[in-house]
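Student: This is the structure I have questions about; it appears just below.
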Amino acid sequence: MLTASDSVDFDALRKDFPIFDSGPQTLHYLDSAATSQKPRCVIDAIDLCYRNQYGPVHRGLYPLAESATEAYEKARQTIENFINAPSPDEIIFTRSATEAINLVASGWARQALEAGDEIWVSQMEHHSNYLPWQRVCRDRGASLKVIPLDSSGQLDLDKADGLFGNRTRLIAITHVSNVLGIVNPVEKITRLASVNSIPVLVDAAQSVGHMPVDVQSLSCDFLVASAHKMCGPGGIGFLYGKKERLTQTEPLLLGGGMVDQVLADTSIWAEIPARFEAGSPNLAGALGFAVAAAYIEEIGRQPIAKREQELAATAFEALSEIDGVTIYGPENSPYRSGILSFNIDGIHPHDIAQIAGEHGVAIRAGHHCCQPLMRHLNTPSTARASFSFYNNKDDIAALVMAVHETKKILGS
Amino acid sequence: MLTASDSVDFDALRKDFPIFDSGPQTLHYLDSAATSQKPRCVIDAIDLCYRNQYGPVHRGLYPLAESATEAYEKARQTIENFINAPSPDEIIFTRSATEAINLVASGWARQALEAGDEIWVSQMEHHSNYLPWQRVCRDRGASLKVIPLDSSGQLDLDKADGLFGNRTRLIAITHVSNVLGIVNPVEKITRLASVNSIPVLVDAAQSVGHMPVDVQSLSCDFLVASAHKMCGPGGIGFLYGKKERLTQTEPLLLGGGMVDQVLADTSIWAEIPARFEAGSPNLAGALGFAVAAAYIEEIGRQPIAKREQELAATAFEALSEIDGVTIYGPENSPYRSGILSFNIDGIHPHDIAQIAGEHGVAIRAGHHCCQPLMRHLNTPSTARASFSFYNNKDDIAALVMAVHETKKILGS
Amino acid sequence: MNSVYKTVLLDHFHNPRNKGDLDSMDRVKRGSNPRCGDDIEVGIRAENEILESVRFRGRGCSICLASASIMSECTIGLTMRQARHLVQQMLDWFGDTISEAPSNTTLAALGAVRQHPARKKCVLLAWVALDETLEIK
Amino acid sequence: MNSVYKTVLLDHFHNPRNKGDLDSMDRVKRGSNPRCGDDIEVGIRAENEILESVRFRGRGCSICLASASIMSECTIGLTMRQARHLVQQMLDWFGDTISEAPSNTTLAALGAVRQHPARKKCVLLAWVALDETLEIK
Ligand SMILES: Cc1ncc(COP(=O)(O)O)c(C=O)c1O
Ligand SMILES: Cc1ncc(COP(=O)(O)O)c(C=O)c1O
């Protein structure tokens with residue numbers, strides 16, 4: 001049974017999300033791993049910004065511009081604290097996790113790689129944490145190596161020959177799989193990598209809003225995430241980078257605000273982090289992001305993690321009792337977040353998602369931008385239910401009902 | 001005197017902008033070239049999106065995801081129509097004008113350039129339309145050439161030896177100068193460039209929300225702009241590219257949504273425009289951008305251009321009557337938009353902007369991300385007033401007053 | 001609720017017509033959508049420009065497979081020209097160039113899918129493959 | 001309105017103390033901010049570790065120039081150690097590490113600039129240059 005995770009009243013929190021009051025039909029939103037819904041405080045912060053506080057960041061001397069700049073830098077500090085970074089200068093605002101990874105691939109790895117070097121990813125990476133490395137390795141004559149998975153879908157580090165060897169220039173690994181919900185042992189990886197001083201990039205897109213994340217105890221060199229997957233607005237994310245690594249990084253985007261001196265044939269970049277934020281900063285995006293982080297922090301990521309695990313565990317149990325349902329990944333375990341992928345024998349996952357959609361249940365079907373993982377699972381696609389703390393047991397009941405309905409309609 | 005531009009009631013339109021009702025003091029916002037204020041319809045569209053309509057774009061089969069996808073693609077069509085592009089597939093949503101230029105520099109020019117080739121920009125370019133070309137030229141052994149300016153600050157095409165010659169691979173030129181307000185003769189340039197089939201990129205950051213812009217009559221190959229300078233939200237902009245050019249362009253960002261097949265060592269990109277939009281699309285950004293474009297289109301860019309020119313002309317006249325004031329750029333002329341840069345003898349522009357700010361007048365001082373232009377003007381910085389249609393003659397009076405006040409406080 | 005899972009569609013999914021072996025076909029073409037894993041083959045046999053047999057095999061979602069089955073039923077007996085015309089009508093109908101279903105009651109069962117842009121490809125996969133088999137050599 | 005343009009500041013801007021020629025100085029250091037075009041030089045002459053002369057020249061905004069003038073006035077006569085200490089106090093005050101002005105009435109005139117982060121650099125430019133002239137050889 002579902003029990004309130006600690007002392008947080010999650011049913012009351014659900015009321016913070018206007019979307020659940022907006023339609024005639026109950027929305028069973030189980031696609032938070034794609035993008036999460038937004039609480040009123042975030043929506044209101046964006047609204048207020050554009051109504052009363054809007055001005056250029058880093059570019060003016062009048063009060064509106066000064067307060068915009070201050071608010072933007074305060075948002076940076078909020079993100080700094082959210083992941084326990086040592087300094088706000090180590091937080092770069094990007095448009096997304098995807099941009100942040102590309103920045104490291106183009107700006108750091110491109111310089112660092114030589115022919116014969118290796119970059120390691122895992123078989124469960126999202127395309128955003130796979131393709132940038134594939135390109136930079138090909139361009140530099142390096143090899144992209146893949147940590148294999150065991151039969152339960154977990155990293156098989158023992159089979160990753162040379163992972164911590166002296167050809168490895170970088171390990172880029174997701175913190176939480178967006179398909180299997182597996183939480184990877186990042187601390188173990190950074191510890192083993194540190195022996196050979198191998199930098200580690202953590203894709204925290206699926207973790208940072210769902211469980212405590214501390215870059216100092218993870219001991220990673222880079223960490224990336226997007227606001228929109230953690231109650232924040234679209235169009236903003238961040239890169240955390242250790243000062244030492246950022247100093248080795250060339251900017252991805254060149255333009256206004258990231259340069260001190262522009263000479264005829266060469267230029268001198270501005271200090272870090274400005275160097276990596278070319279173009280007019282996204283004020284409302286940063287403010288909305290900071291409010292989202294504060295909102296999550298106030299609930300507490302420990303209770304959130306517990307709540308989402310409980311929801312996923314309950315769904316796991318209910319679904320596994322249904323004939324013909326296969327759930328991917330390990331059995332319910334502490335290594336599992338609130339994400340669940342499954343299939344029904346003989347039924348295409350698109351049909352599951354469509355029929356679920358017709359019944360007010362929002363789940364996703366497809367390869368989830370994880371084609372390498374689909375090859376490992378030996379299926380072109382799966383259906384995925386992803387839970388957020390604002391979900392409840394009614395959502396699980398609706399999901400189970402939709403699966404039965406799908407079987408009734410399409411089962412043989 | 002100011003006359004209503006045609007039949008539009010601009011004083012009524014000012015009421016569409018909540019910021020002007022938000023403070024105790026009248027805000028004389030003359031910094032719209034840095035970033036514009038937002039009308040209620042744009043703010044409300046973003047609000048509504050997050051409250052009632054929010055879901056993942058291109059990634060789901062349930063109703064919320066389908067309508068999000070539809071709304072996003074409709075926004076693309078709105079931008080298509082706004083610049084009269086031949087097809088919505090030629091509109092790429094980016095985070096900004098800056099990203100759009102970097103995409104062309106990294107994705108198109110990097111392939112197209114060979115040692116000895118030339119890229120031409122002008123001496124009045126914004127750093128965002130200068131630095132990306134500087135880098136790609138240096139990396140490829142090509143030359144970055146600069147169209148010089150005449151004493152009035154206008155392009156001196158006659159002195160640009162080889163501009164339309166057969167070493168030129170690209171001409172990247174701003175439509176409107178963000179410092180001088182000069183409107184460049186883009187049509188003339190594309191006509192002369194077409195003789196040698198030289199592609200032309202137009203930086204429309206300062207034009208697209210302020211005057212009619214039609215990529216087919218401009219006959220340019222690429223055109224870029226940001227939403228936040230034309231009443232839209234931060235964090236979104238676009239690249240227009242001719243189909244033929246986009247086909248020659250490699251994506252800048254790799255990741256989710258831009259790939260059809262991910263194989264071990266190589267990948268097959270998705271169709272255009274998805275290929276250039278890696279990562280989760282910014283739904284609220286695109287919707288807000290489209291509403292901004294529709295809002296501007298409804299007022300009419302012809303009347304807006306007239307109104308802004310009138311405001312600038314009136315300010316020009318008033319400021320030029322003040323002893324010790326130098327206004328940069330050509331005298332008031334049809335080649336001028338609503339942007340005006342000036343200095344006061346013996347007074348640093350930062351002081352002008354600060355004192356103006358203390359009197360509720362928001363103007364900008366600095367190099368405006370145009371250090372090459374500052375070298376031409378032989379000053380490290382200028383004060384800049386930039387007018388939007390929501391400004392009025394009270395704003396001009398306040399500006400003039402602030403200049404007098406500055407002289408009184410700091411004049412010798 | 002305007003479900004896409006109408007009786008006719010479900011019937012074709014559960015009891016696919018002309019599905020299976022393509023060995024006796026004159027020409028076979030493949031249609032695949034790597035994004036969702038749909039992957040089918042369509043084969044034809046014609047005599048005097050008239051389609052004697054239209055068959056398919058492969059895997060896909062219910063809409064993809066039902067559409068292939070419906071297609072086979074609707075095209076057997078047509079001349080190759082008529083079949084090409086019907087494919088074009090389907091493309092126009094799903095491309096929203098025309099709003100009326102091609103005058104064929106079975107085809108109308110696919111109409112509900114037009115409300116779901118992401119799944120139009122599922123419907124059209126078989127039809128595009130058929131079109132390729134019909135191309136003038 | 002809490003203007004930064006206080007009487008004391010304006011006085012130093014209009015009537016800068018110790019401005020001009022640096023030929024007779026022992027050591028000269030330059031401070032510049034390419035972003036806004038401020039560019040000044042600060043020179044010192046010391047005898048027995050006591051600052052006999054502190055002078056500056058260059059161009060900049062009123063705050064930058066007034067700060068340089070105020071600085072010269074506040075540091076002439078100090079030991080080099082005391083001057084380094086005062087520079088550190090200024091850095092702390094403008095870095096918000098301490099909230100009280102260094103106990104010096106003239107310096108207090110710069111306090112209003114602390115509300116304007118973008119202009120703190122203008123105030124500190126001369127002080128940082130001075131610090132460099134004071135560095136132990
Ligand atoms: C002429 C011009 N080009 C490009 C840009 C860059 O726009 P953004 O900062 O929105 O990328 C600006 C504004 O900053 C501009 O004025
Ligand atoms: C594990 C993982 N990494 C990276 C991303 C990319 O995030 P975004 O699309 O916001 O850039 C996602 C989500 O799409 C994800 O699930």
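Simple scheme: letters A, B, ... for chains in structure tokens order, numbers from 1 for residues in each chain, numbers from 1 for ligands in the order shown.
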I'd like a table as a tab-separated table: residues in chain B with an atom no more than 7 Å from ligand 1, each row giving the shortest atom pair and its distance in Å to one decimal, only C-alpha atoms and all ligand atoms counted, sorted by chain and rising residue number.

Tutor:
```
residue	atom	partner	partner_atom_place_in_ligand_line	distance
B:Ala33	CA	ligand 1	16 (O)	6.3
B:Ala34	CA	ligand 1	14 (O)	5.8
B:Ser96	CA	ligand 1	11 (O)	4.3
B:Ala97	CA	ligand 1	11 (O)	4.0
B:Thr98	CA	ligand 1	11 (O)	3.6
B:Glu99	CA	ligand 1	11 (O)	6.5
B:Glu125	CA	ligand 1	1 (C)	6.6
B:His126	CA	ligand 1	3 (N)	5.1
B:Ser128	CA	ligand 1	4 (C)	5.2
B:Asn129	CA	ligand 1	3 (N)	6.2
B:Thr174	CA	ligand 1	1 (C)	5.9
B:Val176	CA	ligand 1	1 (C)	6.5
B:Ser177	CA	ligand 1	1 (C)	5.7
B:Asn178	CA	ligand 1	16 (O)	4.6
B:Asp203	CA	ligand 1	3 (N)	5.7
B:Ala204	CA	ligand 1	1 (C)	6.8
B:Ala205	CA	ligand 1	2 (C)	4.9
B:Gln206	CA	ligand 1	1 (C)	5.4
B:Ala225	CA	ligand 1	7 (O)	6.8
B:Ser226	CA	ligand 1	10 (O)	4.8
B:His228	CA	ligand 1	10 (O)	6.7
B:Lys229	CA	ligand 1	10 (O)	7.0
```

Student: Can you spit out the residues from that selection as a compact mmCIF listing (two decimals), in the first residue's frame, using N, CA and C atoms?

Tutor:
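And here's out.txt as it stands now:
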```txt
# COMPACT_ATOMS: atom_id res chain seq x y z
N ALA B 33 16.35 47.89 -27.71
CA ALA B 33 17.31 47.20 -28.59
C ALA B 33 18.06 46.13 -27.82
N ALA B 34 18.20 46.30 -26.50
CA ALA B 34 18.80 45.24 -25.68
C ALA B 34 17.79 44.12 -25.52
N SER B 96 18.39 31.44 -29.53
CA SER B 96 18.65 32.86 -29.75
C SER B 96 19.24 33.09 -31.13
N ALA B 97 19.31 34.38 -31.50
CA ALA B 97 20.03 34.76 -32.71
C ALA B 97 21.48 34.28 -32.62
N THR B 98 22.05 34.43 -31.44
CA THR B 98 23.44 34.03 -31.26
C THR B 98 23.64 32.55 -31.58
N GLU B 99 22.77 31.70 -31.04
CA GLU B 99 22.91 30.28 -31.35
C GLU B 99 22.72 30.03 -32.85
N GLU B 125 29.19 45.05 -37.09
CA GLU B 125 28.51 43.85 -36.59
C GLU B 125 28.56 43.75 -35.06
N HIS B 126 27.50 43.19 -34.54
CA HIS B 126 27.42 42.76 -33.15
C HIS B 126 28.40 41.59 -32.96
N SER B 128 28.03 38.88 -31.77
CA SER B 128 27.41 37.60 -32.12
C SER B 128 27.50 37.30 -33.61
N ASN B 129 27.63 38.33 -34.42
CA ASN B 129 27.79 38.12 -35.85
C ASN B 129 29.22 38.44 -36.29
N THR B 174 24.52 42.58 -40.76
CA THR B 174 23.35 42.92 -39.96
C THR B 174 22.37 43.73 -40.81
N VAL B 176 19.99 45.78 -39.43
CA VAL B 176 19.94 47.09 -38.77
C VAL B 176 21.03 47.11 -37.70
N SER B 177 21.81 48.18 -37.67
CA SER B 177 22.86 48.30 -36.66
C SER B 177 22.24 48.55 -35.29
N ASN B 178 22.70 47.79 -34.28
CA ASN B 178 22.15 47.97 -32.93
C ASN B 178 22.75 49.18 -32.23
N ASP B 203 21.61 39.16 -40.21
CA ASP B 203 21.33 39.24 -38.78
C ASP B 203 20.16 40.21 -38.61
N ALA B 204 18.98 39.65 -38.41
CA ALA B 204 17.77 40.46 -38.36
C ALA B 204 17.33 40.73 -36.92
N ALA B 205 18.25 40.56 -35.96
CA ALA B 205 17.89 40.75 -34.55
C ALA B 205 17.23 42.11 -34.31
N GLN B 206 17.71 43.13 -35.00
CA GLN B 206 17.19 44.48 -34.76
C GLN B 206 16.18 44.91 -35.83
N ALA B 225 17.15 35.70 -35.81
CA ALA B 225 16.66 36.71 -34.86
C ALA B 225 16.31 36.03 -33.54
N SER B 226 16.10 36.85 -32.51
CA SER B 226 15.70 36.40 -31.17
C SER B 226 14.30 36.92 -30.86
N HIS B 228 13.16 37.68 -27.85
CA HIS B 228 13.08 38.63 -26.73
C HIS B 228 13.25 40.08 -27.17
N LYS B 229 13.74 40.31 -28.37
CA LYS B 229 13.88 41.69 -28.86
C LYS B 229 12.64 42.13 -29.63
```

Student: Sort by chain and increasing residue number a table of all residues of chain B within 9 Å of ligand 2, each with its closest pair of atoms and their distance in Å to one decimal, counting only C-alpha atoms and all ligand atoms, and write it as a Markdown table.

Tutor:
```
| residue | atom | partner | partner_atom_place_in_ligand_line | distance |
| --- | --- | --- | --- | --- |
| B:Gly255 | CA | ligand 2 | 6 (C) | 7.1 |
| B:Gly256 | CA | ligand 2 | 9 (O) | 6.1 |
| B:Gly257 | CA | ligand 2 | 9 (O) | 8.2 |
| B:Ala278 | CA | ligand 2 | 9 (O) | 7.1 |
| B:Gly279 | CA | ligand 2 | 9 (O) | 3.4 |
| B:Ser280 | CA | ligand 2 | 9 (O) | 3.7 |
| B:Pro281 | CA | ligand 2 | 9 (O) | 7.3 |
```

Student: Suppose we keep C-alpha atoms; can you now write the selection as a tab-separated table (two decimals), in the first residue's frame?

Tutor:
```tsv
chain	number	residue	atom	x	y	z
B	255	GLY	CA	20.92	14.54	-29.01
B	256	GLY	CA	17.31	13.49	-28.60
B	257	GLY	CA	14.85	14.18	-31.39
B	278	ALA	CA	18.25	18.49	-30.50
B	279	GLY	CA	16.76	18.20	-27.04
B	280	SER	CA	13.26	18.72	-25.73
B	281	PRO	CA	11.62	21.59	-27.65
```

Student: Give me the residues within 10 Å of region 275-277 of chain B as a list in words, counting only C-alpha atoms and dropping any in the same chain fewer than 4 places off.

Tutor: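 Listed by chain and then number, they are Ile91, Ile92, Phe93, Thr94, Arg95, Leu103, Gly107, Leu239, Leu246, Thr249, Glu250, Pro251, Leu252, Leu253, Leu254, Gly255, Gly256, Gly257, Met258, Val259, Asp260, Ile268, Trp269, Ala270, Glu271, Pro281 and Asn282 of chain B.
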
Student: Excluding same-chain residues fewer than 3 positions from Phe17 (chain B), what lies within 6 Å of it counting only C-alpha atoms, as a PyMOL selection string?

Tutor: chain B and resi 14+38-40

Student: Using only C-alpha atoms, determine which residues of chain C fall within 9 Å of chain B; present them as a count of residues only.

Tutor: 7

Student: Near region 72-74 of chain C, within 10 Å and counting only C-alpha atoms, which residues show up once chain neighbours fewer than 6 positions away are dropped, as a ChimeraX atom specification?

Tutor: /C:12,16-19,42-44,51,53-56,66,83,86,104-107,126-127,130

Student: Would you return as a PyMOL selection string the members of region 8-187 of chain A that DSSP assigns to alpha helix (DSSP H) on this structure's backbone?

Tutor: chain A and resi 10-14+40-48+63-82+97-103+110-112+131-140+186-187

Student: Just the residues within 12 Å of Met374 (chain A), please, counting only C-alpha atoms, with nothing from its chain fewer than 4 positions along; format it as a PyMOL selection string.

Tutor: (chain A and resi 123-127+149+153+179-180+328-329+341-342+366-370+378-383) or (chain B and resi 261-263) or (chain C and resi 34-37)

Student: Could you save those same residues with N, CA and C atoms as a short mmCIF file (atom, residue, chain, number, x, y, z; two decimals), in the first residue's frame?

Tutor:
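To be explicit, this is the file written out as selection30.cif:
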```cif
data_model
loop_
_atom_site.label_atom_id
_atom_site.label_comp_id
_atom_site.auth_asym_id
_atom_site.auth_seq_id
_atom_site.Cartn_x
_atom_site.Cartn_y
_atom_site.Cartn_z
N GLN A 123 25.55 1.54 -22.30
CA GLN A 123 24.56 1.07 -23.27
C GLN A 123 23.16 1.64 -22.98
N MET A 124 23.01 2.27 -21.81
CA MET A 124 21.67 2.79 -21.48
C MET A 124 21.59 4.30 -21.68
N GLU A 125 22.59 4.92 -22.34
CA GLU A 125 22.56 6.38 -22.45
C GLU A 125 21.45 6.89 -23.37
N HIS A 126 20.92 8.01 -23.00
CA HIS A 126 20.04 8.81 -23.85
C HIS A 126 20.85 9.31 -25.05
N HIS A 127 20.23 9.45 -26.21
CA HIS A 127 20.96 9.93 -27.39
C HIS A 127 21.73 11.22 -27.11
N LEU A 149 25.59 -3.91 -20.39
CA LEU A 149 24.62 -4.12 -19.31
C LEU A 149 24.47 -5.60 -19.06
N GLY A 153 19.78 -5.35 -16.87
CA GLY A 153 19.84 -3.98 -17.38
C GLY A 153 20.79 -3.09 -16.60
N VAL A 179 14.77 5.02 -19.07
CA VAL A 179 13.92 3.92 -19.53
C VAL A 179 13.71 2.90 -18.42
N LEU A 180 14.80 2.56 -17.74
CA LEU A 180 14.73 1.48 -16.76
C LEU A 180 14.60 1.99 -15.33
N TYR A 328 10.74 -4.27 -17.90
CA TYR A 328 12.18 -4.30 -18.14
C TYR A 328 12.94 -3.81 -16.91
N GLY A 329 14.17 -4.24 -16.84
CA GLY A 329 15.02 -3.78 -15.74
C GLY A 329 14.90 -4.68 -14.54
N SER A 341 9.46 0.70 -17.48
CA SER A 341 9.20 0.39 -18.88
C SER A 341 8.63 -1.02 -19.00
N PHE A 342 7.67 -1.18 -19.89
CA PHE A 342 7.06 -2.51 -20.02
C PHE A 342 6.52 -2.73 -21.43
N GLY A 366 7.85 4.18 -27.30
CA GLY A 366 8.85 4.43 -28.33
C GLY A 366 10.19 3.95 -27.85
N HIS A 367 11.25 4.49 -28.46
CA HIS A 367 12.60 4.07 -28.03
C HIS A 367 13.15 5.01 -26.98
N HIS A 368 12.39 6.07 -26.64
CA HIS A 368 12.78 6.99 -25.57
C HIS A 368 14.18 7.55 -25.79
N CYS A 369 14.53 7.78 -27.05
CA CYS A 369 15.87 8.30 -27.38
C CYS A 369 16.97 7.41 -26.83
N CYS A 370 16.71 6.11 -26.82
CA CYS A 370 17.69 5.16 -26.30
C CYS A 370 17.78 3.95 -27.22
N ASN A 378 16.39 -5.93 -26.93
CA ASN A 378 15.89 -6.71 -28.03
C ASN A 378 14.42 -6.40 -28.34
N THR A 379 14.09 -5.14 -28.30
CA THR A 379 12.75 -4.69 -28.67
C THR A 379 12.91 -3.32 -29.31
N PRO A 380 12.10 -3.01 -30.33
CA PRO A 380 12.27 -1.68 -30.93
C PRO A 380 11.75 -0.56 -30.04
N SER A 381 10.87 -0.91 -29.12
CA SER A 381 10.30 0.15 -28.29
C SER A 381 9.61 -0.44 -27.08
N THR A 382 9.35 0.42 -26.11
CA THR A 382 8.64 0.00 -24.91
C THR A 382 7.58 1.04 -24.57
N ALA A 383 6.66 0.66 -23.71
CA ALA A 383 5.78 1.65 -23.09
C ALA A 383 6.44 2.06 -21.77
N GLN B 261 18.34 7.07 -36.74
CA GLN B 261 18.93 5.79 -36.34
C GLN B 261 20.29 6.01 -35.71
N VAL B 262 20.46 5.43 -34.54
CA VAL B 262 21.73 5.52 -33.83
C VAL B 262 22.40 4.15 -33.92
N LEU B 263 23.50 4.12 -34.64
CA LEU B 263 24.23 2.86 -34.77
C LEU B 263 25.47 2.98 -33.91
N PRO C 34 12.17 3.41 -38.53
CA PRO C 34 13.07 3.03 -37.44
C PRO C 34 12.68 3.68 -36.12
N ARG C 35 11.96 4.80 -36.18
CA ARG C 35 11.59 5.49 -34.95
C ARG C 35 10.69 4.64 -34.06
N CYS C 36 9.81 3.81 -34.71
CA CYS C 36 8.93 3.03 -33.83
C CYS C 36 9.05 1.55 -34.07
N GLY C 37 9.88 1.16 -35.03
CA GLY C 37 10.10 -0.27 -35.23
C GLY C 37 9.11 -0.93 -36.17
#
```

Student: Please, which residues of region 157-339 of chain B, numbered as in this document, come out strand (DSSP E or B) from DSSP, as JSON, numbers by chain?

Tutor: {"B": [168, 169, 170, 171, 172, 173, 174, 176, 182, 183, 200, 201, 202, 203, 222, 223, 224, 225, 226, 237, 238, 239, 240, 241, 259, 260, 261, 262, 267, 268, 269, 325, 326, 327, 336, 339]}

Student: Which distance in Å separates CA of Ala353 (chain A) and CA of Ala365 (chain A), to one decimal?

Tutor: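 These two atoms are separated by 5.9 Å.
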
Student: Do a neighbour search on Gly58 (chain D) at 9 Å with only C-alpha atoms, toss out local chain neighbours closer than 6 positions, and write the hits as a ChimeraX atom specification.

Tutor: /D:19-20,38-42,65

Student: Report the distance between CA of Leu218 (chain B) and CA of Thr190 (chain B) in Å, rounded to one decimal place.

Tutor: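 Separating CA of Leu218 (chain B) from CA of Thr190 (chain B) is a distance of 7.2 Å.
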
Student: Find, counting only C-alpha atoms, the residue in B:Gly23, B:Pro330, B:Pro88, B:Gly116 that gets nearest to chain A.

Tutor: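 Looking only at the distances to chain A, the closest residue turns out to be B:Gly23.
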
Student: Nearest to Asp351 (chain B): which of B:Glu331, B:Asp21, B:Glu405, B:Asp47 is it, counting only C-alpha atoms?

Tutor: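 Using only C-alpha atoms, Asp351 (chain B) sits closest to B:Glu405.
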
Student: With distances taken over only C-alpha atoms, which of D:Val128, D:Ala68, D:Met80, D:Leu22 is nearest to Ala46 (chain D)?

Tutor: D:Met80

Student: Ranking D:Cys61, D:Leu78, D:Met90, D:Arg30 by minimum distance to Ile352 (chain B) and counting only C-alpha atoms, which one comes first?

Tutor: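 Smallest distance to Ile352 (chain B) is found for D:Cys61.
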
Student: May I ask which of the residues B:Lys159, B:Lys306, B:His359, B:Arg140 is the closest one to chain A, counting only C-alpha atoms?

Tutor: B:His359
